[in-house]
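K.L.:
Structure file query23.pdb (PDB, N, CA and C atoms and all ligand atoms) right here:
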ATOM      1  N   MET V 184     -11.353  22.736  49.059
ATOM      2  CA  MET V 184     -10.871  22.264  47.753
ATOM      3  C   MET V 184     -10.278  23.410  46.967
ATOM      4  N   PHE V 185     -10.993  24.513  46.943
ATOM      5  CA  PHE V 185     -10.540  25.686  46.207
ATOM      6  C   PHE V 185      -9.209  26.190  46.764
ATOM      7  N   VAL V 186      -9.142  26.242  48.073
ATOM      8  CA  VAL V 186      -7.934  26.745  48.740
ATOM      9  C   VAL V 186      -6.741  25.846  48.404
ATOM     10  N   ILE V 187      -6.959  24.537  48.474
ATOM     11  CA  ILE V 187      -5.883  23.584  48.181
ATOM     12  C   ILE V 187      -5.363  23.796  46.759
ATOM     13  N   THR V 188      -6.294  23.951  45.838
ATOM     14  CA  THR V 188      -5.895  24.148  44.441
ATOM     15  C   THR V 188      -5.047  25.406  44.290
ATOM     16  N   MET V 189      -5.462  26.452  44.948
ATOM     17  CA  MET V 189      -4.713  27.709  44.876
ATOM     18  C   MET V 189      -3.286  27.527  45.392
ATOM     19  N   VAL V 190      -3.182  26.873  46.529
ATOM     20  CA  VAL V 190      -1.869  26.634  47.127
ATOM     21  C   VAL V 190      -1.016  25.811  46.168
ATOM     22  N   ALA V 191      -1.642  24.764  45.633
ATOM     23  CA  ALA V 191      -0.921  23.879  44.730
ATOM     24  C   ALA V 191      -0.383  24.651  43.535
ATOM     25  N   MET V 192      -1.206  25.510  42.995
ATOM     26  CA  MET V 192      -0.783  26.243  41.805
ATOM     27  C   MET V 192       0.389  27.173  42.090
ATOM     28  N   THR V 193       0.322  27.819  43.250
ATOM     29  CA  THR V 193       1.407  28.752  43.544
ATOM     30  C   THR V 193       2.672  28.014  43.958
ATOM     31  N   GLU V 194       2.502  26.829  44.539
ATOM     32  CA  GLU V 194       3.687  26.149  45.044
ATOM     33  C   GLU V 194       4.360  25.234  44.028
ATOM     34  N   PHE V 195       3.678  24.936  42.956
ATOM     35  CA  PHE V 195       4.257  23.971  42.027
ATOM     36  C   PHE V 195       5.331  24.607  41.155
ATOM     37  N   ASN V 196       6.330  25.133  41.799
ATOM     38  CA  ASN V 196       7.405  25.746  41.016
ATOM     39  C   ASN V 196       8.753  25.580  41.706
ATOM     40  N   LYS V 197       8.804  24.649  42.639
ATOM     41  CA  LYS V 197      10.036  24.453  43.401
ATOM     42  C   LYS V 197      11.161  23.947  42.495
ATOM     43  N   ILE V 198      10.849  22.955  41.675
ATOM     44  CA  ILE V 198      11.870  22.409  40.780
ATOM     45  C   ILE V 198      12.221  23.442  39.715
ATOM     46  N   GLN V 199      11.194  24.132  39.236
ATOM     47  CA  GLN V 199      11.436  25.154  38.221
ATOM     48  C   GLN V 199      12.405  26.221  38.733
ATOM     49  N   SER V 200      12.204  26.656  39.972
ATOM     50  CA  SER V 200      13.093  27.692  40.487
ATOM     51  C   SER V 200      14.478  27.129  40.769
ATOM     52  N   MET V 201      14.565  25.843  41.099
ATOM     53  CA  MET V 201      15.868  25.211  41.295
ATOM     54  C   MET V 201      16.633  25.168  39.961
ATOM     55  N   VAL V 202      15.906  24.815  38.897
ATOM     56  CA  VAL V 202      16.512  24.758  37.560
ATOM     57  C   VAL V 202      17.071  26.129  37.174
ATOM     58  N   LYS V 203      16.280  27.148  37.446
ATOM     59  CA  LYS V 203      16.704  28.515  37.105
ATOM     60  C   LYS V 203      17.894  28.947  37.940
ATOM     61  N   GLU V 204      17.779  28.709  39.245
ATOM     62  CA  GLU V 204      18.789  29.143  40.189
ATOM     63  C   GLU V 204      20.148  28.521  39.888
ATOM     64  N   LYS V 205      20.146  27.216  39.637
ATOM     65  CA  LYS V 205      21.409  26.502  39.436
ATOM     66  C   LYS V 205      21.806  26.448  37.966
ATOM     67  N   GLY V 206      20.960  26.964  37.096
ATOM     68  CA  GLY V 206      21.261  26.925  35.676
ATOM     69  C   GLY V 206      21.392  25.508  35.152
ATOM     70  N   ILE V 207      20.451  24.656  35.545
ATOM     71  CA  ILE V 207      20.499  23.253  35.148
ATOM     72  C   ILE V 207      20.050  23.104  33.689
ATOM     73  N   ALA V 208      20.877  22.443  32.914
ATOM     74  CA  ALA V 208      20.532  22.182  31.513
ATOM     75  C   ALA V 208      20.136  20.722  31.368
ATOM     76  N   SER V 209      19.553  20.389  30.209
ATOM     77  CA  SER V 209      19.081  19.010  30.049
ATOM     78  C   SER V 209      20.235  18.014  30.090
ATOM     79  N   ARG V 210      21.438  18.444  29.701
ATOM     80  CA  ARG V 210      22.583  17.518  29.742
ATOM     81  C   ARG V 210      23.008  17.196  31.181
ATOM     82  N   ASP V 211      22.575  17.996  32.133
ATOM     83  CA  ASP V 211      22.882  17.731  33.543
ATOM     84  C   ASP V 211      21.916  16.736  34.167
ATOM     85  N   CYS V 212      20.873  16.419  33.421
ATOM     86  CA  CYS V 212      19.801  15.612  33.991
ATOM     87  C   CYS V 212      19.916  14.139  33.627
ATOM     88  N   GLU V 213      19.815  13.320  34.641
ATOM     89  CA  GLU V 213      19.700  11.884  34.425
ATOM     90  C   GLU V 213      18.281  11.572  33.954
ATOM     91  N   TYR V 214      17.352  12.298  34.503
ATOM     92  CA  TYR V 214      15.941  12.075  34.191
ATOM     93  C   TYR V 214      15.163  13.337  34.530
ATOM     94  N   HIS V 215      14.253  13.696  33.665
ATOM     95  CA  HIS V 215      13.452  14.885  33.922
ATOM     96  C   HIS V 215      12.091  14.718  33.254
ATOM     97  N   THR V 216      11.054  14.792  34.033
ATOM     98  CA  THR V 216       9.736  14.660  33.447
ATOM     99  C   THR V 216       8.720  15.489  34.213
ATOM    100  N   GLN V 217       7.725  15.920  33.501
ATOM    101  CA  GLN V 217       6.591  16.561  34.159
ATOM    102  C   GLN V 217       5.332  16.089  33.449
ATOM    103  N   ARG V 218       4.425  15.551  34.208
ATOM    104  CA  ARG V 218       3.216  15.048  33.547
ATOM    105  C   ARG V 218       2.058  14.865  34.518
ATOM    106  N   ASN V 219       0.901  14.727  33.944
ATOM    107  CA  ASN V 219      -0.282  14.423  34.740
ATOM    108  C   ASN V 219      -0.307  12.925  34.993
ATOM    109  N   ILE V 220      -0.794  12.539  36.166
ATOM    110  CA  ILE V 220      -0.877  11.117  36.476
ATOM    111  C   ILE V 220      -2.297  10.752  36.890
ATOM    112  N   GLU V 221      -2.591   9.458  36.803
ATOM    113  CA  GLU V 221      -3.907   8.937  37.185
ATOM    114  C   GLU V 221      -5.024   9.694  36.465
ATOM    115  N   GLY V 222      -4.856   9.849  35.175
ATOM    116  CA  GLY V 222      -5.888  10.493  34.374
ATOM    117  C   GLY V 222      -6.129  11.955  34.734
ATOM    118  N   GLY V 223      -5.066  12.638  35.132
ATOM    119  CA  GLY V 223      -5.178  14.072  35.395
ATOM    120  C   GLY V 223      -5.596  14.406  36.816
ATOM    121  N   LYS V 224      -5.731  13.370  37.675
ATOM    122  CA  LYS V 224      -6.116  13.637  39.066
ATOM    123  C   LYS V 224      -4.933  14.175  39.861
ATOM    124  N   GLY V 225      -3.756  13.878  39.371
ATOM    125  CA  GLY V 225      -2.566  14.345  40.048
ATOM    126  C   GLY V 225      -1.552  14.842  39.042
ATOM    127  N   LYS V 226      -0.473  15.378  39.560
ATOM    128  CA  LYS V 226       0.543  15.943  38.688
ATOM    129  C   LYS V 226       1.892  15.649  39.321
ATOM    130  N   ILE V 227       2.892  15.443  38.476
ATOM    131  CA  ILE V 227       4.184  15.108  39.038
ATOM    132  C   ILE V 227       5.303  15.711  38.211
ATOM    133  N   ARG V 228       6.343  16.122  38.889
ATOM    134  CA  ARG V 228       7.546  16.553  38.194
ATOM    135  C   ARG V 228       8.729  15.911  38.900
ATOM    136  N   ILE V 229       9.565  15.276  38.132
ATOM    137  CA  ILE V 229      10.743  14.618  38.696
ATOM    138  C   ILE V 229      11.978  15.133  37.983
ATOM    139  N   LEU V 230      12.953  15.496  38.760
ATOM    140  CA  LEU V 230      14.234  15.895  38.187
ATOM    141  C   LEU V 230      15.342  15.163  38.928
ATOM    142  N   ALA V 231      16.060  14.322  38.206
ATOM    143  CA  ALA V 231      17.197  13.618  38.795
ATOM    144  C   ALA V 231      18.466  14.113  38.115
ATOM    145  N   LEU V 232      19.400  14.555  38.920
ATOM    146  CA  LEU V 232      20.635  15.091  38.359
ATOM    147  C   LEU V 232      21.709  14.017  38.246
ATOM    148  N   LYS V 233      22.487  14.101  37.181
ATOM    149  CA  LYS V 233      23.591  13.154  36.982
ATOM    150  C   LYS V 233      24.607  13.275  38.108
ATOM    151  N   ALA V 234      24.799  14.494  38.566
ATOM    152  CA  ALA V 234      25.840  14.772  39.549
ATOM    153  C   ALA V 234      25.624  14.038  40.873
ATOM    154  N   ASP V 235      24.402  14.027  41.389
ATOM    155  CA  ASP V 235      24.192  13.435  42.710
ATOM    156  C   ASP V 235      23.236  12.246  42.722
ATOM    157  N   LYS V 236      22.610  11.951  41.563
ATOM    158  CA  LYS V 236      21.671  10.819  41.468
ATOM    159  C   LYS V 236      20.555  10.931  42.508
ATOM    160  N   ILE V 237      20.173  12.167  42.788
ATOM    161  CA  ILE V 237      19.059  12.406  43.700
ATOM    162  C   ILE V 237      17.857  12.844  42.873
ATOM    163  N   ALA V 238      16.731  12.217  43.136
ATOM    164  CA  ALA V 238      15.509  12.593  42.444
ATOM    165  C   ALA V 238      14.762  13.635  43.267
ATOM    166  N   HIS V 239      14.574  14.795  42.660
ATOM    167  CA  HIS V 239      13.762  15.832  43.291
ATOM    168  C   HIS V 239      12.343  15.631  42.777
ATOM    169  N   VAL V 240      11.438  15.414  43.687
ATOM    170  CA  VAL V 240      10.077  15.069  43.285
ATOM    171  C   VAL V 240       9.085  16.099  43.812
ATOM    172  N   GLU V 241       8.313  16.636  42.886
ATOM    173  CA  GLU V 241       7.289  17.609  43.249
ATOM    174  C   GLU V 241       5.976  17.051  42.716
ATOM    175  N   TYR V 242       4.929  17.086  43.509
ATOM    176  CA  TYR V 242       3.705  16.425  43.063
ATOM    177  C   TYR V 242       2.441  17.005  43.668
ATOM    178  N   ILE V 243       1.361  16.790  42.945
ATOM    179  CA  ILE V 243       0.024  16.929  43.502
ATOM    180  C   ILE V 243      -0.470  15.494  43.607
ATOM    181  N   CYS V 244      -0.724  15.039  44.801
ATOM    182  CA  CYS V 244      -1.107  13.648  45.004
ATOM    183  C   CYS V 244      -2.459  13.350  44.344
ATOM    184  N   PRO V 245      -2.525  12.272  43.540
ATOM    185  CA  PRO V 245      -3.794  11.938  42.896
ATOM    186  C   PRO V 245      -4.819  11.385  43.889
ATOM    187  N   HIS V 246      -4.367  11.005  45.077
ATOM    188  CA  HIS V 246      -5.270  10.430  46.080
ATOM    189  C   HIS V 246      -5.863  11.491  46.998
ATOM    190  N   CYS V 247      -5.025  12.425  47.472
ATOM    191  CA  CYS V 247      -5.524  13.413  48.438
ATOM    192  C   CYS V 247      -5.460  14.847  47.908
ATOM    193  N   GLN V 248      -4.942  15.008  46.702
ATOM    194  CA  GLN V 248      -4.899  16.318  46.037
ATOM    195  C   GLN V 248      -3.986  17.327  46.729
ATOM    196  N   LYS V 249      -3.124  16.835  47.605
ATOM    197  CA  LYS V 249      -2.243  17.773  48.289
ATOM    198  C   LYS V 249      -0.905  17.891  47.575
ATOM    199  N   TYR V 250      -0.297  19.026  47.774
ATOM    200  CA  TYR V 250       1.003  19.292  47.182
ATOM    201  C   TYR V 250       2.104  18.723  48.065
ATOM    202  N   GLY V 251       3.135  18.198  47.451
ATOM    203  CA  GLY V 251       4.257  17.711  48.227
ATOM    204  C   GLY V 251       5.557  17.851  47.464
ATOM    205  N   TYR V 252       6.633  17.907  48.215
ATOM    206  CA  TYR V 252       7.956  17.908  47.599
ATOM    207  C   TYR V 252       8.856  17.019  48.437
ATOM    208  N   ASP V 253       9.686  16.221  47.776
ATOM    209  CA  ASP V 253      10.605  15.371  48.522
ATOM    210  C   ASP V 253      11.796  15.002  47.651
ATOM    211  N   GLU V 254      12.803  14.428  48.297
ATOM    212  CA  GLU V 254      13.991  13.991  47.567
ATOM    213  C   GLU V 254      14.278  12.535  47.917
ATOM    214  N   TYR V 255      14.618  11.778  46.892
ATOM    215  CA  TYR V 255      14.901  10.354  47.070
ATOM    216  C   TYR V 255      16.121   9.983  46.230
ATOM    217  N   PRO V 256      16.794   8.875  46.616
ATOM    218  CA  PRO V 256      17.827   8.358  45.718
ATOM    219  C   PRO V 256      17.164   7.919  44.420
ATOM    220  N   TRP V 257      17.727   8.272  43.299
ATOM    221  CA  TRP V 257      17.116   7.962  42.010
ATOM    222  C   TRP V 257      17.262   6.492  41.664
ATOM    223  N   LYS V 258      16.148   5.862  41.323
ATOM    224  CA  LYS V 258      16.186   4.479  40.851
ATOM    225  C   LYS V 258      14.992   4.243  39.947
ATOM    226  N   ARG V 259      15.111   3.209  39.140
ATOM    227  CA  ARG V 259      13.996   2.844  38.277
ATOM    228  C   ARG V 259      13.594   1.408  38.494
ATOM    229  N   PRO V 260      12.333   1.060  38.431
ATOM    230  CA  PRO V 260      11.219   2.005  38.288
ATOM    231  C   PRO V 260      11.055   2.847  39.544
ATOM    232  N   PHE V 261      10.542   4.005  39.381
ATOM    233  CA  PHE V 261      10.481   4.962  40.470
ATOM    234  C   PHE V 261       9.077   5.065  41.062
ATOM    235  N   SER V 262       8.992   4.917  42.369
ATOM    236  CA  SER V 262       7.720   5.164  43.042
ATOM    237  C   SER V 262       8.018   5.674  44.442
ATOM    238  N   PHE V 263       7.071   6.330  45.040
ATOM    239  CA  PHE V 263       7.276   6.893  46.370
ATOM    240  C   PHE V 263       5.930   7.000  47.068
ATOM    241  N   LYS V 264       5.959   7.410  48.324
ATOM    242  CA  LYS V 264       4.707   7.532  49.070
ATOM    243  C   LYS V 264       4.381   8.994  49.319
ATOM    244  N   CYS V 265       3.110   9.304  49.198
ATOM    245  CA  CYS V 265       2.651  10.661  49.480
ATOM    246  C   CYS V 265       2.893  10.975  50.951
ATOM    247  N   LYS V 266       3.454  12.142  51.207
ATOM    248  CA  LYS V 266       3.748  12.554  52.568
ATOM    249  C   LYS V 266       2.475  12.773  53.371
ATOM    250  N   ASN V 267       1.409  13.148  52.669
ATOM    251  CA  ASN V 267       0.181  13.523  53.357
ATOM    252  C   ASN V 267      -0.716  12.331  53.657
ATOM    253  N   CYS V 268      -0.923  11.449  52.662
ATOM    254  CA  CYS V 268      -1.868  10.351  52.873
ATOM    255  C   CYS V 268      -1.181   8.985  52.877
ATOM    256  N   ASP V 269       0.131   8.950  52.644
ATOM    257  CA  ASP V 269       0.910   7.719  52.725
ATOM    258  C   ASP V 269       0.559   6.699  51.641
ATOM    259  N   LYS V 270      -0.134   7.120  50.604
ATOM    260  CA  LYS V 270      -0.439   6.198  49.522
ATOM    261  C   LYS V 270       0.684   6.219  48.495
ATOM    262  N   LYS V 271       0.833   5.094  47.831
ATOM    263  CA  LYS V 271       1.918   4.964  46.867
ATOM    264  C   LYS V 271       1.605   5.713  45.572
ATOM    265  N   ILE V 272       2.583   6.422  45.097
ATOM    266  CA  ILE V 272       2.460   7.095  43.805
ATOM    267  C   ILE V 272       3.549   6.521  42.913
ATOM    268  N   SER V 273       3.145   5.946  41.801
ATOM    269  CA  SER V 273       4.173   5.425  40.906
ATOM    270  C   SER V 273       4.147   6.191  39.594
ATOM    271  N   VAL V 274       5.279   6.185  38.958
ATOM    272  CA  VAL V 274       5.433   6.937  37.728
ATOM    273  C   VAL V 274       5.269   5.996  36.546
ATOM    274  N   PRO V 275       4.302   6.245  35.704
ATOM    275  CA  PRO V 275       4.120   5.362  34.544
ATOM    276  C   PRO V 275       5.354   5.388  33.662
ATOM    277  N   LYS V 276       5.692   4.212  33.124
ATOM    278  CA  LYS V 276       6.899   4.131  32.297
ATOM    279  C   LYS V 276       6.574   4.549  30.877
ATOM    280  N   LEU V 277       6.818   5.787  30.608
ATOM    281  CA  LEU V 277       6.470   6.337  29.295
ATOM    282  C   LEU V 277       7.307   5.722  28.190
ATOM    283  N   LYS V 278       8.542   5.386  28.508
ATOM    284  CA  LYS V 278       9.452   4.877  27.484
ATOM    285  C   LYS V 278       8.926   3.581  26.882
ATOM    286  N   GLU V 279       8.442   2.691  27.758
ATOM    287  CA  GLU V 279       7.931   1.416  27.268
ATOM    288  C   GLU V 279       6.699   1.619  26.406
ATOM    289  N   GLN V 280       5.871   2.527  26.864
ATOM    290  CA  GLN V 280       4.692   2.861  26.097
ATOM    291  C   GLN V 280       5.114   3.410  24.732
ATOM    292  N   PHE V 281       6.101   4.242  24.751
ATOM    293  CA  PHE V 281       6.621   4.857  23.533
ATOM    294  C   PHE V 281       7.153   3.797  22.565
ATOM    295  N   LYS V 282       7.912   2.848  23.106
ATOM    296  CA  LYS V 282       8.476   1.769  22.274
ATOM    297  C   LYS V 282       7.380   0.969  21.592
ATOM    298  N   ARG V 283       6.348   0.631  22.383
ATOM    299  CA  ARG V 283       5.234  -0.132  21.828
ATOM    300  C   ARG V 283       4.590   0.615  20.672
ATOM    301  N   GLU V 284       4.411   1.913  20.892
ATOM    302  CA  GLU V 284       3.768   2.710  19.857
ATOM    303  C   GLU V 284       4.647   2.833  18.614
ATOM    304  N   GLN V 285       5.950   2.898  18.856
ATOM    305  CA  GLN V 285       6.902   2.963  17.747
ATOM    306  C   GLN V 285       6.818   1.702  16.891
ATOM    307  N   LYS V 286       6.766   0.547  17.581
ATOM    308  CA  LYS V 286       6.684  -0.723  16.901
ATOM    309  C   LYS V 286       5.447  -0.772  16.004
ATOM    310  N   LYS V 287       4.351  -0.342  16.603
ATOM    311  CA  LYS V 287       3.093  -0.318  15.873
ATOM    312  C   LYS V 287       3.231   0.578  14.639
ATOM    313  N   ALA V 288       3.825   1.721  14.838
ATOM    314  CA  ALA V 288       3.990   2.682  13.744
ATOM    315  C   ALA V 288       4.866   2.108  12.640
ATOM    316  N   ASN V 289       5.946   1.426  13.052
ATOM    317  CA  ASN V 289       6.852   0.802  12.076
ATOM    318  C   ASN V 289       6.128  -0.254  11.262
ATOM    319  N   LYS V 290       5.333  -1.066  11.952
ATOM    320  CA  LYS V 290       4.582  -2.120  11.294
ATOM    321  C   LYS V 290       3.633  -1.508  10.266
ATOM    322  N   ALA V 291       2.991  -0.457  10.676
ATOM    323  CA  ALA V 291       2.034   0.214   9.785
ATOM    324  C   ALA V 291       2.752   0.759   8.556
ATOM    325  N   ALA V 292       3.989   1.244   8.789
ATOM    326  CA  ALA V 292       4.753   1.825   7.685
ATOM    327  C   ALA V 292       5.180   0.742   6.685
ATOM    328  N   GLU V 293       5.540  -0.461   7.246
ATOM    329  CA  GLU V 293       5.968  -1.556   6.380
ATOM    330  C   GLU V 293       4.836  -2.114   5.527
ATOM    331  N   ALA V 294       3.664  -2.133   6.107
ATOM    332  CA  ALA V 294       2.517  -2.751   5.440
ATOM    333  C   ALA V 294       2.078  -1.987   4.185
TER     334      ALA V 294
HETATM  335 ZN    ZN O   1      -1.759  11.991  49.134
END
Render the structure in this file as C-alpha cells.
Ligand SMILES: [Zn+2]
P.N.:
Amino acid sequence: MFVITMVAMTEFNKIQSMVKEKGIASRDCEYHTQRNIEGGKGKIRILALKADKIAHVEYICPHCQKYGYDEYPWKRPFSFKCKNCDKKISVPKLKEQFKREQKKANKAAEA
C-alpha cells in the first residue's frame, strides 16, 4: 500500500508536464478538471483539448488505488474503465451540482 501511494504521488504529473511542455492555456482546453472522486478514495485529472478533442485522463483508481493514464475521444458524460481492475470510473457532473446550488442560493437571496 505504501509503495503504491509513493508511486502514485510521483507519477501524478503526466498532464501537468504536458501542459508545461506544450504551453497549454485554459483557452486551449475544451475541458479541464482535477478532483477527488468517490469521497477521496481516488483522484482524477482530465484535460481535453479543443484542437484534437482527445481527453487525456490521469487517475488514481478509487477501486484498486492504482495509478493510470489513458487517452479517449472526448465526450460527455465522460466515463472510462480502469486499466488495472477494469471497473468503471465515472466523472461526477459538477456543473449540474453547481447549477442546483446556484438556484438554491438565488432563492435564498430573493426571500
Ligand atoms: Zn482500478
K.L.:
Let me know the residues the PyMOL selection byres (((not hetatm)) within 6 of (chain O and resi 1)) catches in the file above, as a list in words.
P.N.:
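Output from the PyMOL selection byres (((not hetatm)) within 6 of (chain O and resi 1)), applied to this file: Cys244, Pro245, His246, Cys247, Gln248, Lys249, Cys265, Lys266, Asn267, Cys268, Asp269 and Lys270 of chain V.
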K.L.:
Could you work out how far atom N of His239 (chain V) lies from atom N of Thr216 (chain V), giving the answer in Å with one decimal?
P.N.:
9.3 Å
K.L.:
Which residue, V:Arg210, V:Met201, V:Ala291, V:Pro275, has the smallest gap to Gly222 (chain V) when you use only C-alpha atoms?
P.N.:
V:Pro275
K.L.:
Find the distance between atom C of Lys233 (chain V) and atom N of Ile220 (chain V) and write it in Å to one decimal.
P.N.:
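Between these atoms lies a distance of 25.5 Å.
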K.L.:
Got a sec: who's within 8 Å of Tyr214 (chain V), counting only N, CA and C atoms, leaving out chain neighbours fewer than 4 positions off, as number ranges by chain?
P.N.:
V: 209, 229-233, 238
K.L.:
At what distance in Å, to one decimal, does CA of Lys286 (chain V) lie from CA of Lys258 (chain V)?
P.N.:
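Going from CA of Lys258 (chain V) over to CA of Lys286 (chain V), I get 26.3 Å.
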K.L.:
Running DSSP on the backbone, which parts of chain V land in strand (DSSP E or B), as a VMD selection string?
P.N.:
chain V and resid 212 to 220 225 to 232 237 to 243 250 to 256 262 to 264 271 to 273
K.L.:
When you look at Arg218 (chain V) with a cut-off of 7 Å (counting all atoms listed in the file), what residues show up, excluding the ones that are within fewer than 5 positions of it in the same chain? I need them as a PyMOL selection string.
P.N.:
chain V and resi 225-229
K.L.:
Taking the DSSP secondary structure from the backbone, can you list the residues of chain V that are alpha helix (DSSP H), as a VMD selection string?
P.N.:
chain V and resid 185 to 194 197 to 205 277 to 293
K.L.:
For Ile237 (chain V), which of V:Tyr250, V:Cys212, V:Tyr255, V:Ser273 is the closest residue, counting only N, CA and C atoms?
P.N.:
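Between V:Tyr250, V:Cys212, V:Tyr255, V:Ser273, the residue approaching Ile237 (chain V) most closely is V:Tyr255.
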K.L.:
Given only C-alpha atoms as the basis, pick out the residue of V:Ser262, V:Ile243, V:Lys224, V:Gln285 nearest to Phe195 (chain V).
P.N.:
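For Phe195 (chain V), the nearest of the candidates is V:Ile243.
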K.L.:
Smallest atom-to-atom distance to Gly251 (chain V): which of V:Gly206, V:Glu293, V:Glu213, V:Glu194, using only N, CA and C atoms?
P.N.:
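When distances to Gly251 (chain V) are compared using only N, CA and C atoms, the smallest one comes from V:Glu194.
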K.L.:
Can you tell me, as number ranges by chain, what residues are no more than 8 Å from Lys197 (chain V) when counting only N, CA and C atoms, ignoring any on the same chain fewer than 5 positions away?
P.N.:
V: 202-203, 241
K.L.:
Can you report as AutoDock Vina command-line options the centre and edge lengths in Å, to one decimal, of an axis-aligned box around the listed atoms of region 287-290 of chain V padded with 8 Å on each side?
P.N.:
--center_x 5.0 --center_y 0.3 --center_z 13.4 --size_x 19.8 --size_y 20.8 --size_z 22.3
